[in-house]
>>> print(open('protein-v8.tsv').read())   # TSV, C-alpha atoms
chain	number	residue	atom	x	y	z
A	243	MET	CA	39.52	68.49	70.65
A	244	LYS	CA	42.45	68.15	73.05
A	245	ARG	CA	45.77	67.83	71.27
A	246	ALA	CA	49.26	66.95	72.54
A	247	ILE	CA	52.74	66.54	71.11
A	248	ILE	CA	55.70	64.46	72.28
A	249	ILE	CA	59.14	65.80	71.30
A	250	THR	CA	62.13	63.56	72.07
A	251	VAL	CA	65.54	65.21	72.50
A	252	ALA	CA	67.32	62.86	74.91
A	253	GLY	CA	70.23	61.67	72.77
A	254	THR	CA	73.88	62.71	72.87
A	255	SER	CA	74.01	63.69	69.16
A	256	THR	CA	77.52	62.34	68.66
A	257	ARG	CA	77.72	63.17	64.93
A	258	PHE	CA	76.51	66.72	65.46
A	259	ARG	CA	78.94	67.43	68.31
A	260	LYS	CA	81.80	65.93	66.29
A	261	SER	CA	80.91	68.11	63.29
A	262	ILE	CA	81.22	71.34	65.31
A	263	GLY	CA	84.13	70.17	67.43
A	264	LYS	CA	82.59	70.92	70.81
A	265	ASP	CA	80.09	69.68	73.34
A	266	CYS	CA	76.50	70.84	72.96
A	267	LEU	CA	72.84	69.84	73.16
A	268	LYS	CA	71.80	69.79	69.51
A	269	CYS	CA	68.16	70.81	69.90
A	270	ILE	CA	69.12	74.12	71.54
A	271	TYR	CA	72.25	74.85	69.51
A	272	THR	CA	72.28	78.21	67.73
A	273	GLU	CA	74.77	80.40	65.91
A	274	ARG	CA	72.64	83.53	66.13
A	275	THR	CA	69.39	83.65	68.11
A	276	GLU	CA	67.51	81.19	70.31
A	277	LYS	CA	64.56	81.31	67.89
A	278	GLU	CA	66.77	79.54	65.36
A	279	THR	CA	67.11	76.43	67.50
A	280	LEU	CA	65.44	73.20	66.40
A	281	LEU	CA	63.48	72.99	69.64
A	282	TYR	CA	62.08	76.51	69.42
A	283	LYS	CA	61.02	75.97	65.82
A	284	ILE	CA	58.97	72.85	66.51
A	285	VAL	CA	57.47	74.17	69.76
A	286	SER	CA	56.46	77.38	67.98
A	287	PHE	CA	54.24	75.26	65.72
A	288	CYS	CA	52.27	74.10	68.77
A	289	SER	CA	50.78	77.31	70.15
A	290	ASP	CA	47.24	75.90	70.06
A	291	PHE	CA	48.18	72.53	71.56
A	292	ASP	CA	46.93	71.63	75.03
A	293	LYS	CA	50.04	69.72	76.10
A	294	ILE	CA	53.69	69.67	75.03
A	295	VAL	CA	55.79	66.82	76.41
A	296	ILE	CA	59.56	67.22	76.00
A	297	VAL	CA	61.59	64.12	76.80
A	298	GLY	CA	65.22	64.94	77.52
A	299	GLY	CA	68.23	63.14	78.92
A	300	TYR	CA	71.65	64.41	77.87
A	301	LYS	CA	72.24	67.86	79.44
A	302	PHE	CA	68.74	67.75	80.91
A	303	SER	CA	69.24	70.70	83.27
A	304	GLU	CA	70.53	72.82	80.38
A	305	LEU	CA	67.43	71.89	78.38
A	306	LYS	CA	65.11	73.02	81.17
A	307	LYS	CA	67.02	76.26	81.67
A	308	PHE	CA	66.68	77.04	77.96
A	309	ALA	CA	62.93	76.40	78.09
A	310	GLU	CA	62.41	78.56	81.16
A	311	THR	CA	63.74	81.56	79.23
A	312	THR	CA	63.26	81.04	75.49
A	313	LEU	CA	60.03	78.99	75.74
A	314	SER	CA	58.55	80.96	78.63
A	315	SER	CA	55.26	81.64	76.80
A	316	PHE	CA	54.72	77.87	76.44
A	317	LEU	CA	55.75	76.77	79.94
A	318	SER	CA	52.21	76.31	81.26
A	319	LYS	CA	51.69	73.62	78.61
A	320	ILE	CA	55.07	71.90	78.84
A	321	SER	CA	55.83	68.75	80.80
A	322	PHE	CA	59.51	67.81	81.05
A	323	VAL	CA	60.31	64.11	81.32
A	324	GLU	CA	63.83	62.91	82.06
A	325	ASN	CA	65.12	59.78	80.36
A	326	GLU	CA	67.88	58.54	82.63
A	327	HIS	CA	68.69	55.76	80.16
A	328	PHE	CA	69.53	58.02	77.23
A	329	GLU	CA	72.92	56.31	76.83
A	330	ASP	CA	72.11	52.64	77.32
A	331	TYR	CA	68.55	52.30	75.92
A	332	GLY	CA	67.26	53.01	72.44
A	333	SER	CA	65.02	55.82	71.21
A	334	GLY	CA	61.89	53.83	72.00
A	335	TYR	CA	62.32	54.41	75.71
A	336	SER	CA	62.01	58.18	75.28
A	337	LEU	CA	58.80	57.71	73.31
A	338	LEU	CA	57.48	55.31	75.94
A	339	LEU	CA	58.15	57.83	78.72
A	340	GLY	CA	56.33	60.51	76.74
A	341	VAL	CA	53.34	58.24	76.15
A	342	LYS	CA	53.19	57.35	79.84
A	343	GLU	CA	53.18	61.04	80.73
A	344	LEU	CA	50.26	61.75	78.40
A	345	ALA	CA	48.33	58.77	79.75
A	346	LYS	CA	47.74	60.96	82.83
A	347	PHE	CA	45.68	63.38	80.72
A	348	ASP	CA	42.57	63.20	78.58
A	349	MET	CA	43.84	63.73	75.04
A	350	ASP	CA	41.97	63.22	71.78
A	351	GLU	CA	45.04	63.01	69.57
A	352	ILE	CA	48.81	62.87	69.94
A	353	ILE	CA	51.59	63.89	67.57
A	354	PHE	CA	55.11	62.55	68.01
A	355	ALA	CA	58.12	64.31	66.47
A	356	GLU	CA	61.79	63.50	66.80
A	357	GLY	CA	63.55	66.61	68.04
A	358	ASP	CA	66.38	66.85	65.51
A	359	LEU	CA	64.17	67.71	62.53
A	360	PHE	CA	63.57	70.90	60.60
A	361	LEU	CA	60.00	70.87	59.23
A	362	ASP	CA	57.92	73.29	57.20
A	363	PHE	CA	54.89	74.75	58.95
A	364	GLU	CA	52.45	74.18	56.08
A	365	SER	CA	53.06	70.43	56.03
A	366	PHE	CA	52.94	70.25	59.82
A	367	SER	CA	49.58	72.03	59.73
A	368	LYS	CA	48.23	69.34	57.40
A	369	ILE	CA	49.15	66.73	60.01
A	370	VAL	CA	47.38	68.69	62.72
A	371	LYS	CA	44.23	69.17	60.63
A	372	SER	CA	43.95	65.56	59.50
A	373	PRO	CA	41.25	63.56	61.33
A	374	LYS	CA	43.20	60.36	60.65
A	375	SER	CA	46.33	58.72	62.00
A	376	VAL	CA	49.24	60.06	59.96
A	377	LEU	CA	52.50	58.72	58.56
A	378	THR	CA	54.88	61.32	57.14
A	379	THR	CA	57.38	61.18	54.30
A	380	ASN	CA	60.17	63.25	52.78
A	381	THR	CA	61.75	63.35	49.35
A	382	ASP	CA	65.25	62.15	50.32
A	383	PRO	CA	66.55	59.01	48.57
A	384	ILE	CA	65.84	55.76	50.39
A	385	GLU	CA	69.29	54.43	51.28
A	386	ALA	CA	69.93	51.64	53.78
A	387	LYS	CA	72.95	53.49	55.17
A	388	LYS	CA	70.76	56.23	56.65
A	389	ALA	CA	67.06	55.88	55.87
A	390	VAL	CA	64.07	54.75	57.86
A	391	ALA	CA	61.45	53.71	55.34
A	392	PHE	CA	57.95	52.34	55.31
A	393	TYR	CA	55.87	50.64	52.67
A	394	LEU	CA	52.17	50.01	52.17
A	395	THR	CA	51.23	46.36	51.83
A	396	ALA	CA	48.77	45.00	49.27
A	397	ASP	CA	45.96	45.60	51.77
A	398	ASN	CA	47.21	49.15	52.50
A	399	LYS	CA	48.75	48.49	55.90
A	400	ALA	CA	51.88	50.43	56.89
A	401	LYS	CA	55.06	48.48	57.62
A	402	TYR	CA	58.37	50.05	58.68
A	403	ILE	CA	61.74	48.78	57.47
A	404	TYR	CA	65.10	49.82	58.86
A	405	ASP	CA	68.49	48.41	59.64
A	406	THR	CA	70.24	49.62	62.78
A	407	ALA	CA	73.51	48.48	61.19
A	408	HIS	CA	72.73	50.68	58.14
A	409	SER	CA	73.68	47.94	55.68
A	410	ILE	CA	70.62	46.68	53.78
A	411	LEU	CA	66.84	46.99	53.56
A	412	GLU	CA	64.58	44.17	52.39
A	413	ILE	CA	60.87	43.76	51.57
A	414	LYS	CA	59.61	40.18	51.27
A	415	GLU	CA	56.03	40.81	50.15
A	416	PRO	CA	54.13	42.69	47.44
A	417	PHE	CA	53.66	46.39	48.21
A	418	LEU	CA	51.76	49.40	46.90
A	419	GLY	CA	54.42	52.01	47.59
A	420	ILE	CA	57.61	52.70	49.53
A	421	TYR	CA	58.48	55.97	51.30
A	422	ASN	CA	61.28	57.62	53.23
A	423	SER	CA	59.93	58.31	56.72
A	424	GLY	CA	59.50	61.92	57.84
A	425	GLN	CA	59.89	60.77	61.47
A	426	VAL	CA	56.72	62.53	62.60
A	427	TRP	CA	53.53	60.64	63.38
A	428	LYS	CA	49.98	61.38	64.44
A	429	PHE	CA	48.07	58.99	66.69
A	430	SER	CA	44.38	59.87	66.30
A	431	GLU	CA	43.32	56.95	68.52
A	432	PRO	CA	45.34	57.48	71.73
A	433	GLU	CA	43.75	54.56	73.56
A	434	LYS	CA	45.35	52.20	71.04
A	435	LEU	CA	48.70	53.89	71.58
A	436	PHE	CA	48.41	53.56	75.35
A	437	LYS	CA	47.45	49.88	75.04
A	438	SER	CA	50.38	49.23	72.70
A	439	ALA	CA	52.74	50.91	75.17
A	440	GLU	CA	51.40	48.83	78.06
A	441	ASN	CA	52.05	45.62	76.14
A	442	LEU	CA	55.68	46.30	75.26
A	443	THR	CA	58.15	43.74	76.55
A	444	GLU	CA	61.19	44.92	78.49
A	445	ASN	CA	63.44	44.39	75.47
A	446	GLU	CA	61.02	46.18	73.15
A	447	ALA	CA	60.93	49.18	75.51
A	448	LYS	CA	64.73	49.42	75.25
A	449	GLY	CA	64.74	49.32	71.45
A	450	THR	CA	63.95	51.79	68.69
A	451	ASN	CA	60.86	54.02	68.78
A	452	LEU	CA	59.69	52.29	65.58
A	453	ILE	CA	58.68	49.25	67.64
A	454	LEU	CA	55.91	51.14	69.43
A	455	VAL	CA	55.03	53.12	66.30
A	456	GLN	CA	54.60	49.89	64.34
A	457	LYS	CA	52.49	48.26	67.05
A	458	TYR	CA	50.15	51.25	66.95
A	459	PHE	CA	49.76	51.34	63.18
A	460	ASP	CA	49.17	47.58	63.11
A	461	LYS	CA	45.92	48.38	64.93
A	462	ILE	CA	44.80	51.13	62.52
A	463	GLU	CA	42.41	50.37	59.66
A	464	SER	CA	43.58	51.58	56.25
A	465	ALA	CA	40.55	53.88	55.95
A	466	ASN	CA	41.79	55.75	59.04
A	467	LEU	CA	45.34	56.18	57.72
A	468	GLU	CA	46.81	59.14	55.83
A	469	VAL	CA	50.28	59.72	54.36
A	470	ILE	CA	51.46	63.36	54.37
A	471	HIS	CA	54.57	64.59	52.55
A	472	PHE	CA	56.82	67.32	53.97
A	473	SER	CA	57.59	70.08	51.47
A	474	SER	CA	60.76	70.92	53.44
A	475	TRP	CA	62.46	68.40	55.71
A	476	ILE	CA	66.00	68.23	57.09
A	477	ASN	CA	67.34	65.73	59.60
A	478	CYS	CA	70.02	67.82	61.33
A	479	ASN	CA	72.69	65.21	61.92
A	480	THR	CA	75.61	67.60	61.37
A	481	ILE	CA	76.37	71.31	61.45
A	482	ASP	CA	76.10	71.38	57.63
A	483	ASP	CA	72.50	70.15	57.94
A	484	TYR	CA	71.77	72.84	60.51
A	485	ARG	CA	73.22	75.58	58.30
A	486	LYS	CA	71.19	74.30	55.36
A	487	MET	CA	68.11	74.81	57.54
A	488	LEU	CA	69.16	78.40	58.23
A	489	GLU	CA	69.50	79.03	54.50
A	490	GLU	CA	66.00	77.69	53.87
A	491	THR	CA	64.49	79.95	56.53
A	492	LYS	CA	66.09	83.25	55.47
>>> encode(input="protein-v8.tsv", output="structure tokens")
Amino acid sequence: MKRAIIITVAGTSTRFRKSIGKDCLKCIYTERTEKETLLYKIVSFCSDFDKIVIVGGYKFSELKKFAETTLSSFLSKISFVENEHFEDYGSGYSLLLGVKELAKFDMDEIIFAEGDLFLDFESFSKIVKSPKSVLTTNTDPIEAKKAVAFYLTADNKAKYIYDTAHSILEIKEPFLGIYNSGQVWKFSEPEKLFKSAENLTENEAKGTNLILVQKYFDKIESANLEVIHFSSWINCNTIDDYRKMLEETK
């Protein structure tokens, strides 16, 4: 079983930089040791993975320099992909670049994680061990001003809802349940992911990563779908979020 992960860290993290009052690359920010960076924490979960694709953009050379030292034991598995459109395209373009990189290899399953998350290892391990395609959830309130949510339709198909303007969320059909997205996914049928990526329009490729995620899960039968809940989950948008993570890992 060949397993890969895509980690996207291309963005400029405006809110995080504003909260600390200085320029930085959020995924490698630390107040003590490099092992307390968001990037190190997620990569450390992937020691038995065959491939680790890190898609960067903002401060890309700084990202690679960090990896060459702090992630040296993982370097043989890491592919760095540069997103030159990190400022003018949406998050979907980083995911697309990561998928295209993995299309060069023979992988049995692919996990995708946004790079600004703190996750607990036990929940992550459940994702890895699942034979199915996985959607993840957290226990935060579902609020239009910040949440990405998904619901399960009457026939148990996953549908994502979000508002890039952060104003309102709406569901126009009966549903079995609604969840706050954990922003980590497992694609247990990579060929369907690759086909979905190939069929993206130019505008779709420039949009949110949820476009490609949704196209993949539209192809997945409900029997091959699993929802996994994170016991600990923090989206590190600000320095306060980051320090909360440090408290949880003492």
>>> closest_atom_pairs(input="protein-v8.tsv", of="region 312-418 of chain A", to="region 472-481 of chain A", cutoff="6 Å", atoms="only C-alpha atoms", output="Markdown table")
| residue | atom | partner | partner_atom | distance |
| --- | --- | --- | --- | --- |
| A:Asp358 | CA | A:Cys478 | CA | 5.6 |
| A:Leu359 | CA | A:Asn477 | CA | 4.7 |
| A:Phe360 | CA | A:Ile476 | CA | 5.0 |
| A:Leu361 | CA | A:Trp475 | CA | 5.0 |
| A:Asp362 | CA | A:Ser474 | CA | 5.3 |
| A:Ser365 | CA | A:Phe472 | CA | 5.3 |
| A:Asn380 | CA | A:Phe472 | CA | 5.4 |
>>> closest_residue(input="protein-v8.tsv", among="A:Leu337, A:Ile249, A:Ile284, A:Ala355", to="Ile296 (chain A)", atoms="all atoms listed in the file")
A:Ile249
>>> closest_residue(input="protein-v8.tsv", among="A:Phe417, A:Tyr331, A:Asp292, A:Thr279", to="Phe308 (chain A)", atoms="only C-alpha atoms")
A:Thr279
>>> closest_residue(input="protein-v8.tsv", among="A:Phe258, A:Phe436, A:Glu431, A:Ile270", to="Lys346 (chain A)", atoms="only C-alpha atoms")
A:Phe436
>>> residues_around(input="protein-v8.tsv", residues="Leu339 (chain A)", least_positions_apart="6", cutoff="10 Å", atoms="only C-alpha atoms", output="MDAnalysis selection string")
chainID A and resid 248 250 295:297 323:325 345 439 447
>>> atom_distance(input="protein-v8.tsv", atom1="CA of Lys492 (chain A)", atom2="CA of Lys283 (chain A)")
13.6 Å
>>> atom_distance(input="protein-v8.tsv", atom1="CA of Phe291 (chain A)", atom2="CA of Met349 (chain A)")
10.4 Å
>>> atom_distance(input="protein-v8.tsv", atom1="CA of Ser255 (chain A)", atom2="CA of Gly424 (chain A)")
18.5 Å
>>> closest_atom_pairs(input="protein-v8.tsv", of="region 411-491 of chain A", to="region 385-397 of chain A", cutoff="9 Å", atoms="all atoms listed in the file", output="JSON lines")
{"residue": "A:Leu411", "atom": "CA", "partner": "A:Ala386", "partner_atom": "CA", "distance": 5.6}
{"residue": "A:Ile413", "atom": "CA", "partner": "A:Tyr393", "partner_atom": "CA", "distance": 8.6}
{"residue": "A:Glu415", "atom": "CA", "partner": "A:Thr395", "partner_atom": "CA", "distance": 7.5}
{"residue": "A:Pro416", "atom": "CA", "partner": "A:Ala396", "partner_atom": "CA", "distance": 6.1}
{"residue": "A:Phe417", "atom": "CA", "partner": "A:Thr395", "partner_atom": "CA", "distance": 4.4}
{"residue": "A:Leu418", "atom": "CA", "partner": "A:Leu394", "partner_atom": "CA", "distance": 5.3}
{"residue": "A:Gly419", "atom": "CA", "partner": "A:Tyr393", "partner_atom": "CA", "distance": 5.5}
{"residue": "A:Ile420", "atom": "CA", "partner": "A:Tyr393", "partner_atom": "CA", "distance": 4.1}
{"residue": "A:Tyr421", "atom": "CA", "partner": "A:Phe392", "partner_atom": "CA", "distance": 5.4}
{"residue": "A:Asn422", "atom": "CA", "partner": "A:Ala391", "partner_atom": "CA", "distance": 4.4}
{"residue": "A:Ser423", "atom": "CA", "partner": "A:Ala391", "partner_atom": "CA", "distance": 5.0}
{"residue": "A:Gly424", "atom": "CA", "partner": "A:Val390", "partner_atom": "CA", "distance": 8.5}
{"residue": "A:Gln425", "atom": "CA", "partner": "A:Val390", "partner_atom": "CA", "distance": 8.2}
{"residue": "A:Ser464", "atom": "CA", "partner": "A:Asp397", "partner_atom": "CA", "distance": 7.8}
>>> closest_residue(input="protein-v8.tsv", among="A:Tyr282, A:Ser318, A:Glu276, A:Gly253", to="Lys301 (chain A)", atoms="all atoms listed in the file")
A:Gly253
>>> residues_around(input="protein-v8.tsv", residues="Ser315 (chain A)", least_positions_apart="3", cutoff="12 Å", atoms="only C-alpha atoms", output="ChimeraX atom specification")
/A:282,285-286,288-290,309-312,318-320
>>> closest_residue(input="protein-v8.tsv", among="A:Val469, A:Ile353, A:Cys269, A:Leu338", to="Leu305 (chain A)", atoms="only C-alpha atoms")
A:Cys269
>>> closest_residue(input="protein-v8.tsv", among="A:Val455, A:Asp482, A:Glu468, A:Thr491", to="Ile262 (chain A)", atoms="all atoms listed in the file")
A:Asp482
>>> residues_around(input="protein-v8.tsv", residues="Ser372 (chain A)", least_positions_apart="2", cutoff="12 Å", atoms="only C-alpha atoms", output="JSON, numbers by chain")
{"A": [351, 352, 353, 365, 366, 367, 368, 369, 370, 374, 375, 376, 377, 378, 427, 428, 429, 430, 466, 467, 468, 469, 470]}
>>> decode(input="protein-v8.tsv", residues="region 370-462 of chain A", atoms="C-alpha atoms", output="PDB file, in the first residue's frame")
ATOM      1  CA  VAL A 370      -4.615   6.652   7.686  1.00  0.00           C
ATOM      2  CA  LYS A 371      -5.998   3.265   8.745  1.00  0.00           C
ATOM      3  CA  SER A 372      -9.398   3.690   7.112  1.00  0.00           C
ATOM      4  CA  PRO A 373      -9.816   1.746   3.847  1.00  0.00           C
ATOM      5  CA  LYS A 374     -12.405   4.290   2.691  1.00  0.00           C
ATOM      6  CA  SER A 375     -12.374   7.847   1.408  1.00  0.00           C
ATOM      7  CA  VAL A 376     -12.555  10.117   4.443  1.00  0.00           C
ATOM      8  CA  LEU A 377     -14.189  13.421   5.344  1.00  0.00           C
ATOM      9  CA  THR A 378     -13.088  14.966   8.631  1.00  0.00           C
ATOM     10  CA  THR A 379     -14.919  17.089  11.173  1.00  0.00           C
ATOM     11  CA  ASN A 380     -14.230  19.139  14.289  1.00  0.00           C
ATOM     12  CA  THR A 381     -16.386  20.261  17.190  1.00  0.00           C
ATOM     13  CA  ASP A 382     -16.265  24.025  16.543  1.00  0.00           C
ATOM     14  CA  PRO A 383     -19.616  25.806  16.043  1.00  0.00           C
ATOM     15  CA  ILE A 384     -20.759  26.073  12.435  1.00  0.00           C
ATOM     16  CA  GLU A 385     -20.794  29.810  11.750  1.00  0.00           C
ATOM     17  CA  ALA A 386     -21.012  31.353   8.291  1.00  0.00           C
ATOM     18  CA  LYS A 387     -18.450  34.006   9.227  1.00  0.00           C
ATOM     19  CA  LYS A 388     -15.657  31.424   9.443  1.00  0.00           C
ATOM     20  CA  ALA A 389     -16.776  27.840   8.886  1.00  0.00           C
ATOM     21  CA  VAL A 390     -16.492  25.440   6.005  1.00  0.00           C
ATOM     22  CA  ALA A 391     -19.212  22.856   6.500  1.00  0.00           C
ATOM     23  CA  PHE A 392     -20.532  19.781   4.783  1.00  0.00           C
ATOM     24  CA  TYR A 393     -23.755  17.862   5.052  1.00  0.00           C
ATOM     25  CA  LEU A 394     -24.886  14.369   4.118  1.00  0.00           C
ATOM     26  CA  THR A 395     -27.825  14.266   1.734  1.00  0.00           C
ATOM     27  CA  ALA A 396     -30.786  11.912   2.087  1.00  0.00           C
ATOM     28  CA  ASP A 397     -28.888   9.341   0.014  1.00  0.00           C
ATOM     29  CA  ASN A 398     -25.721   9.810   2.128  1.00  0.00           C
ATOM     30  CA  LYS A 399     -23.709  11.837  -0.368  1.00  0.00           C
ATOM     31  CA  ALA A 400     -21.353  14.530   0.948  1.00  0.00           C
ATOM     32  CA  LYS A 401     -21.968  18.137  -0.091  1.00  0.00           C
ATOM     33  CA  TYR A 402     -19.810  21.100   0.967  1.00  0.00           C
ATOM     34  CA  ILE A 403     -21.257  24.508   1.806  1.00  0.00           C
ATOM     35  CA  TYR A 404     -19.249  27.680   2.295  1.00  0.00           C
ATOM     36  CA  ASP A 405     -19.420  31.368   1.627  1.00  0.00           C
ATOM     37  CA  THR A 406     -16.226  33.129   0.596  1.00  0.00           C
ATOM     38  CA  ALA A 407     -17.848  36.379   1.767  1.00  0.00           C
ATOM     39  CA  HIS A 408     -18.443  34.778   5.203  1.00  0.00           C
ATOM     40  CA  SER A 409     -22.027  36.043   5.398  1.00  0.00           C
ATOM     41  CA  ILE A 410     -24.515  33.161   5.195  1.00  0.00           C
ATOM     42  CA  LEU A 411     -24.778  29.406   4.649  1.00  0.00           C
ATOM     43  CA  GLU A 412     -27.814  27.736   3.096  1.00  0.00           C
ATOM     44  CA  ILE A 413     -29.008  24.151   2.522  1.00  0.00           C
ATOM     45  CA  LYS A 414     -31.901  23.717   0.085  1.00  0.00           C
ATOM     46  CA  GLU A 415     -32.547  19.991   0.441  1.00  0.00           C
ATOM     47  CA  PRO A 416     -33.228  17.412   3.160  1.00  0.00           C
ATOM     48  CA  PHE A 417     -30.086  16.197   4.925  1.00  0.00           C
ATOM     49  CA  LEU A 418     -28.997  13.517   7.384  1.00  0.00           C
ATOM     50  CA  GLY A 419     -26.404  15.574   9.244  1.00  0.00           C
ATOM     51  CA  ILE A 420     -24.286  18.714   9.069  1.00  0.00           C
ATOM     52  CA  TYR A 421     -20.642  19.006  10.159  1.00  0.00           C
ATOM     53  CA  ASN A 422     -17.869  21.558  10.532  1.00  0.00           C
ATOM     54  CA  SER A 423     -15.091  20.490   8.172  1.00  0.00           C
ATOM     55  CA  GLY A 424     -11.755  19.373   9.633  1.00  0.00           C
ATOM     56  CA  GLN A 425     -10.051  20.429   6.374  1.00  0.00           C
ATOM     57  CA  VAL A 426      -8.288  17.084   5.960  1.00  0.00           C
ATOM     58  CA  TRP A 427      -9.396  14.519   3.405  1.00  0.00           C
ATOM     59  CA  LYS A 428      -8.454  11.035   2.279  1.00  0.00           C
ATOM     60  CA  PHE A 429      -8.785   9.995  -1.353  1.00  0.00           C
ATOM     61  CA  SER A 430      -8.757   6.185  -1.387  1.00  0.00           C
ATOM     62  CA  GLU A 431      -9.414   6.073  -5.141  1.00  0.00           C
ATOM     63  CA  PRO A 432      -6.641   8.269  -6.604  1.00  0.00           C
ATOM     64  CA  GLU A 433      -7.616   7.613 -10.212  1.00  0.00           C
ATOM     65  CA  LYS A 434     -10.910   9.419  -9.578  1.00  0.00           C
ATOM     66  CA  LEU A 435      -9.022  12.329  -8.048  1.00  0.00           C
ATOM     67  CA  PHE A 436      -6.684  12.547 -11.038  1.00  0.00           C
ATOM     68  CA  LYS A 437      -9.627  12.433 -13.460  1.00  0.00           C
ATOM     69  CA  SER A 438     -11.449  15.146 -11.516  1.00  0.00           C
ATOM     70  CA  ALA A 439      -8.326  17.325 -11.613  1.00  0.00           C
ATOM     71  CA  GLU A 440      -7.945  16.834 -15.365  1.00  0.00           C
ATOM     72  CA  ASN A 441     -11.522  17.982 -15.940  1.00  0.00           C
ATOM     73  CA  LEU A 442     -11.311  21.236 -13.996  1.00  0.00           C
ATOM     74  CA  THR A 443     -12.040  24.354 -16.006  1.00  0.00           C
ATOM     75  CA  GLU A 444      -9.582  27.243 -15.891  1.00  0.00           C
ATOM     76  CA  ASN A 445     -11.848  29.200 -13.542  1.00  0.00           C
ATOM     77  CA  GLU A 446     -12.371  26.185 -11.287  1.00  0.00           C
ATOM     78  CA  ALA A 447      -8.607  25.671 -11.026  1.00  0.00           C
ATOM     79  CA  LYS A 448      -8.267  29.261  -9.781  1.00  0.00           C
ATOM     80  CA  GLY A 449     -10.957  28.865  -7.114  1.00  0.00           C
ATOM     81  CA  THR A 450     -11.155  27.227  -3.709  1.00  0.00           C
ATOM     82  CA  ASN A 451      -9.772  23.738  -3.049  1.00  0.00           C
ATOM     83  CA  LEU A 452     -13.325  22.640  -2.184  1.00  0.00           C
ATOM     84  CA  ILE A 453     -14.176  22.597  -5.889  1.00  0.00           C
ATOM     85  CA  LEU A 454     -11.835  19.689  -6.594  1.00  0.00           C
ATOM     86  CA  VAL A 455     -12.651  18.026  -3.261  1.00  0.00           C
ATOM     87  CA  GLN A 456     -16.365  18.127  -4.085  1.00  0.00           C
ATOM     88  CA  LYS A 457     -15.851  16.772  -7.601  1.00  0.00           C
ATOM     89  CA  TYR A 458     -13.982  13.806  -6.130  1.00  0.00           C
ATOM     90  CA  PHE A 459     -16.559  12.986  -3.465  1.00  0.00           C
ATOM     91  CA  ASP A 460     -19.358  13.271  -6.021  1.00  0.00           C
ATOM     92  CA  LYS A 461     -17.817  10.155  -7.584  1.00  0.00           C
ATOM     93  CA  ILE A 462     -17.604   8.168  -4.323  1.00  0.00           C
TER      94      ILE A 462
END
